[in-house]
Amino acid sequence: MRRLENLLIGRDATSSRSAETRAGRTVSVGFAVLTVGFALGYVTGGASVRTSLMLLSGMIAAVSIAAGLRLHRVTDQRPWVLVILALLLLTVSNAAWLYAALAGLVRPPDLLVVPPQLGGYVFMLAASLLIVLRHAPRDASGTIDAAVWGIALAAPVWEFVFRPHMLRAGMGTAGLFLVLTQLLVLLGICGALLRVARTSEAGRICLNYLFASLGCTIGGIGLVNMGPVTGDNASLPSLCFAIGYLALGAAGLHPSVKQLSEPAPNLAPPTPKLQLGVLGTALLLVPLCGALGQLFGQPADGLLLTIAPLLCIPLVLVRISRLKHALIYQATHDELTGLVNRRQLFTAMQKAIAAHAGGAPGDLALIYCDLNGFKPVNDEYGHEAGDAVLRATARRITEAVRTGDVVARIGGDEFLIFCVDADDATARALGDRIARSIAMPVPWGGSELVVTAAVGAVTRTERRIVAPDELLAAADERMYADKRASAQGRQNLRPERLDERHQVLPHVVQVDPVEAESRIAS
């Protein structure tokens with residue numbers, strides 16, 4: 001029966017992969033056909049046709065992304081919703097250009113172009129950061145640094161390539177502002193996504209489309225502001241923008257969008273790294289480029305010195321916030337198991353003891369759990385096997401206790417469970433459940449690792465302030481009494497009953513399991 005189930009599951013997985021492959025090919029073919037069609041339209045059409053096609057490409061991209069989120073059942077849709085909002089804002093700007101072309105105007109009013117484009121690119125940056133932070137939680141600081149570096153590298157490109165040419169062409173402040181913001185945001189997105197590409201394999205095709213979109217958009221901006229856009233070259237910038245929109249739509253419609261948006265979780269604790277030299281160099285690059293002109297008697301670039309920090313500072317604040325939370329987590333949790341450590345447990349106990357002394361209902365209970373047979377596992381199978389046992393024990397204890405109970409690892413193979421509103425029978429039943437769960441074998445490299453637990457439980461009914469150490473000492477004494485009783489009992493047991501005696505605690509077997517379960521549930 002199990003073999004049949006595995007066979008059916010394998011067939012379902014194979015069928016699902018085949019369907020995704022076919023859907024991915026359909027998206028690729030559709031993207032290629034639309035790209036060729038739009039290229040022909042741009043080559044043969046006039047200005048109004050080109051603007052109409054660019055407007056249409058943005059709408060196609062928004063609809064494609066919305067369809068992809070629904071078809072592929074993407075749960076975390078926030079980044080792509082921001083992309084759709086960005087496309088809608090950019091569509092407003094494109095519609096303004098179409099209106100200007102139909103009305104015979106040289107360019108539309110800046111109010112209809114600049115604010116929508118700025119809003120669209122800011123939404124794009126926010127969407128990319130959400131994808132990055134969702135995709136690589138352990139490397140979030142590195143991806144933020146990469147985004148800051150992207151913004152920083154945009155500074156010399158702007159200062160020494162784009163800005164001199166645009167000033168010679170007589171570009172106004174609004175145009176300079178818009179192009180600078182576009183460069184900073186797009187290169188910031190590119191830096192963040194390049195960091196994601198190092199670890200993302202399942203979402204690689206979606207990422208490739210995103211990079212194609214970024215490349216086309218940056219190329220279009222460069223052609224508009226740096227190259228000739230008259231005659232035969234007039235269609236190239238708009239074509240680049242249109243293909244960029246289509247590539248963005250293909251990224252949202254491709255099946256790999258789900259893997260990129262919802263990567264497999266990494267349960268390892270975060271590892272904070274504060275690379276001040278790397279981050280500081282990136283932050284210094286912007287003011288260095290912006291103020292360099294003053295050395296040659298020219299005014300400083302006020303736009304660069306204003307806009308780049310406005311984009312970098314929020315990223316740096318997020319970076320510091322994540323570092324702060326990671327350091328707090330490390331200070332209050334056990335690195336191996338993810339459980340709270342002794343310090344955090346005592347903090348929770350002090351608050352509960354104070355509330356109990358003040359008249360909070362219910363009693364307090366502390367359960368001390370120490371593993372039996374853990375050292376032989378370490379000696380025979382190695383420390384990696386021992387770590388696997390500790391992680392499995394932490395998970396099993398967490399699953400066995402009630403919601404609101406605090407589980408801590410206080411060192412080695414010792415665990416504590418602190419319970420609020422728990423009487424003696426409830427504490428005993430919890431100890432029994434924990435001991436039986438821990439006694440289940442832990443799979444490891446084709447073998448089964450078996451440890452058991454000695455459990456000591458104490459309850460506190462007296463309503464006065466005591467130190468957490470007093471409860472800990474009492475629970476520790478009860479646990480060692482259980483160990484001594486277990487050792488004495490093993491001497492009087494037949495050899496074939498050793499395992500059975502080892503798994504059942506003397507102060508737990510007296511509890512009626514039905515009564516205990518009802519107490520825990522209540």
# chains A, B, ... in the order shown; residues from 1 in each chain; ligands from 1

$ select_by_dssp --residues "stretch 244-333 of chain A" --states "alpha helix (DSSP H)" --output "VMD selection string"
chain A and resid 244 to 253 256 to 261 276 to 291 302 to 332

$ residues_around --residues "stretch 54-66 of chain A" --least-positions-apart "6" --cutoff "10 Å" --atoms "only C-alpha atoms" --output "JSON, numbers by chain"
{"A": [27, 34, 35, 38, 42, 48, 77, 80, 81, 83, 84, 85, 86, 87, 88, 89, 90, 91, 92, 93, 94, 95, 96, 97, 98, 238, 239, 240, 241, 242, 243, 244, 245, 246, 247, 248, 249, 250, 251, 252, 253, 254, 257]}

$ closest_residue --among "A:Pro108, A:Gly170, A:Gly219, A:Gly362" --to "A:Thr426" --atoms "only C-alpha atoms"
A:Gly362

$ residues_around --residues "stretch 411-422 of chain A" --least-positions-apart "2" --cutoff "7 Å" --atoms "only C-alpha atoms" --output "PyMOL selection string"
chain A and resi 361-371+390+405-409+424+426-427

$ closest_residue --among "A:Leu125, A:Arg463, A:Ile218, A:Ala481" --to "A:Ala354" --atoms "only C-alpha atoms"
A:Arg463

$ select_by_dssp --residues "stretch 323-479 of chain A" --states "strand (DSSP E)" --output "ChimeraX atom specification"
/A:364-372,406-411,414-420,442-444,447-449,452-460

$ write_last_selection --atoms "C-alpha atoms" --output "PDB file, in the first residue's frame"
ATOM      1  CA  LEU A 364       3.044  28.083  38.344  1.00  0.00           C
ATOM      2  CA  ALA A 365       4.908  24.957  37.261  1.00  0.00           C
ATOM      3  CA  LEU A 366       8.482  24.309  36.196  1.00  0.00           C
ATOM      4  CA  ILE A 367       9.452  21.059  34.480  1.00  0.00           C
ATOM      5  CA  TYR A 368      13.115  20.049  34.332  1.00  0.00           C
ATOM      6  CA  CYS A 369      14.026  17.618  31.533  1.00  0.00           C
ATOM      7  CA  ASP A 370      17.414  15.910  31.287  1.00  0.00           C
ATOM      8  CA  LEU A 371      18.283  13.378  28.581  1.00  0.00           C
ATOM      9  CA  ASN A 372      19.443   9.862  29.417  1.00  0.00           C
ATOM     10  CA  VAL A 406       7.905  28.572  27.601  1.00  0.00           C
ATOM     11  CA  VAL A 407      10.446  25.962  26.488  1.00  0.00           C
ATOM     12  CA  ALA A 408      14.149  26.678  27.030  1.00  0.00           C
ATOM     13  CA  ARG A 409      17.446  24.921  26.578  1.00  0.00           C
ATOM     14  CA  ILE A 410      19.736  25.879  29.427  1.00  0.00           C
ATOM     15  CA  GLY A 411      22.813  24.001  28.280  1.00  0.00           C
ATOM     16  CA  GLU A 414      19.018  20.015  29.763  1.00  0.00           C
ATOM     17  CA  PHE A 415      15.673  21.610  28.977  1.00  0.00           C
ATOM     18  CA  LEU A 416      13.194  23.600  31.079  1.00  0.00           C
ATOM     19  CA  ILE A 417       9.465  24.105  30.539  1.00  0.00           C
ATOM     20  CA  PHE A 418       7.780  26.928  32.460  1.00  0.00           C
ATOM     21  CA  CYS A 419       3.989  26.809  32.687  1.00  0.00           C
ATOM     22  CA  VAL A 420       1.546  29.443  33.893  1.00  0.00           C
ATOM     23  CA  VAL A 442      15.416   9.803  15.958  1.00  0.00           C
ATOM     24  CA  PRO A 443      16.340   8.759  12.378  1.00  0.00           C
ATOM     25  CA  TRP A 444      19.996   9.420  11.557  1.00  0.00           C
ATOM     26  CA  SER A 447      20.178   4.300  12.021  1.00  0.00           C
ATOM     27  CA  GLU A 448      17.789   5.157  14.841  1.00  0.00           C
ATOM     28  CA  LEU A 449      19.137   7.150  17.773  1.00  0.00           C
ATOM     29  CA  THR A 452      15.051   8.905  27.058  1.00  0.00           C
ATOM     30  CA  ALA A 453      14.353  11.623  29.586  1.00  0.00           C
ATOM     31  CA  ALA A 454      14.342  12.084  33.332  1.00  0.00           C
ATOM     32  CA  VAL A 455      11.732  14.677  34.227  1.00  0.00           C
ATOM     33  CA  GLY A 456      11.252  16.593  37.455  1.00  0.00           C
ATOM     34  CA  ALA A 457       8.176  18.807  37.876  1.00  0.00           C
ATOM     35  CA  VAL A 458       7.433  21.274  40.677  1.00  0.00           C
ATOM     36  CA  THR A 459       4.448  23.550  41.167  1.00  0.00           C
ATOM     37  CA  ARG A 460       4.228  26.762  43.142  1.00  0.00           C
TER      38      ARG A 460
END

$ closest_residue --among "A:Val316, A:Gly46, A:Pro79, A:Pro255" --to "A:Ala67" --atoms "only C-alpha atoms"
A:Pro255

$ closest_residue --among "A:Ser28, A:Ser141, A:Ser213, A:Gln117" --to "A:Ile189" --atoms "only C-alpha atoms"
A:Ser213
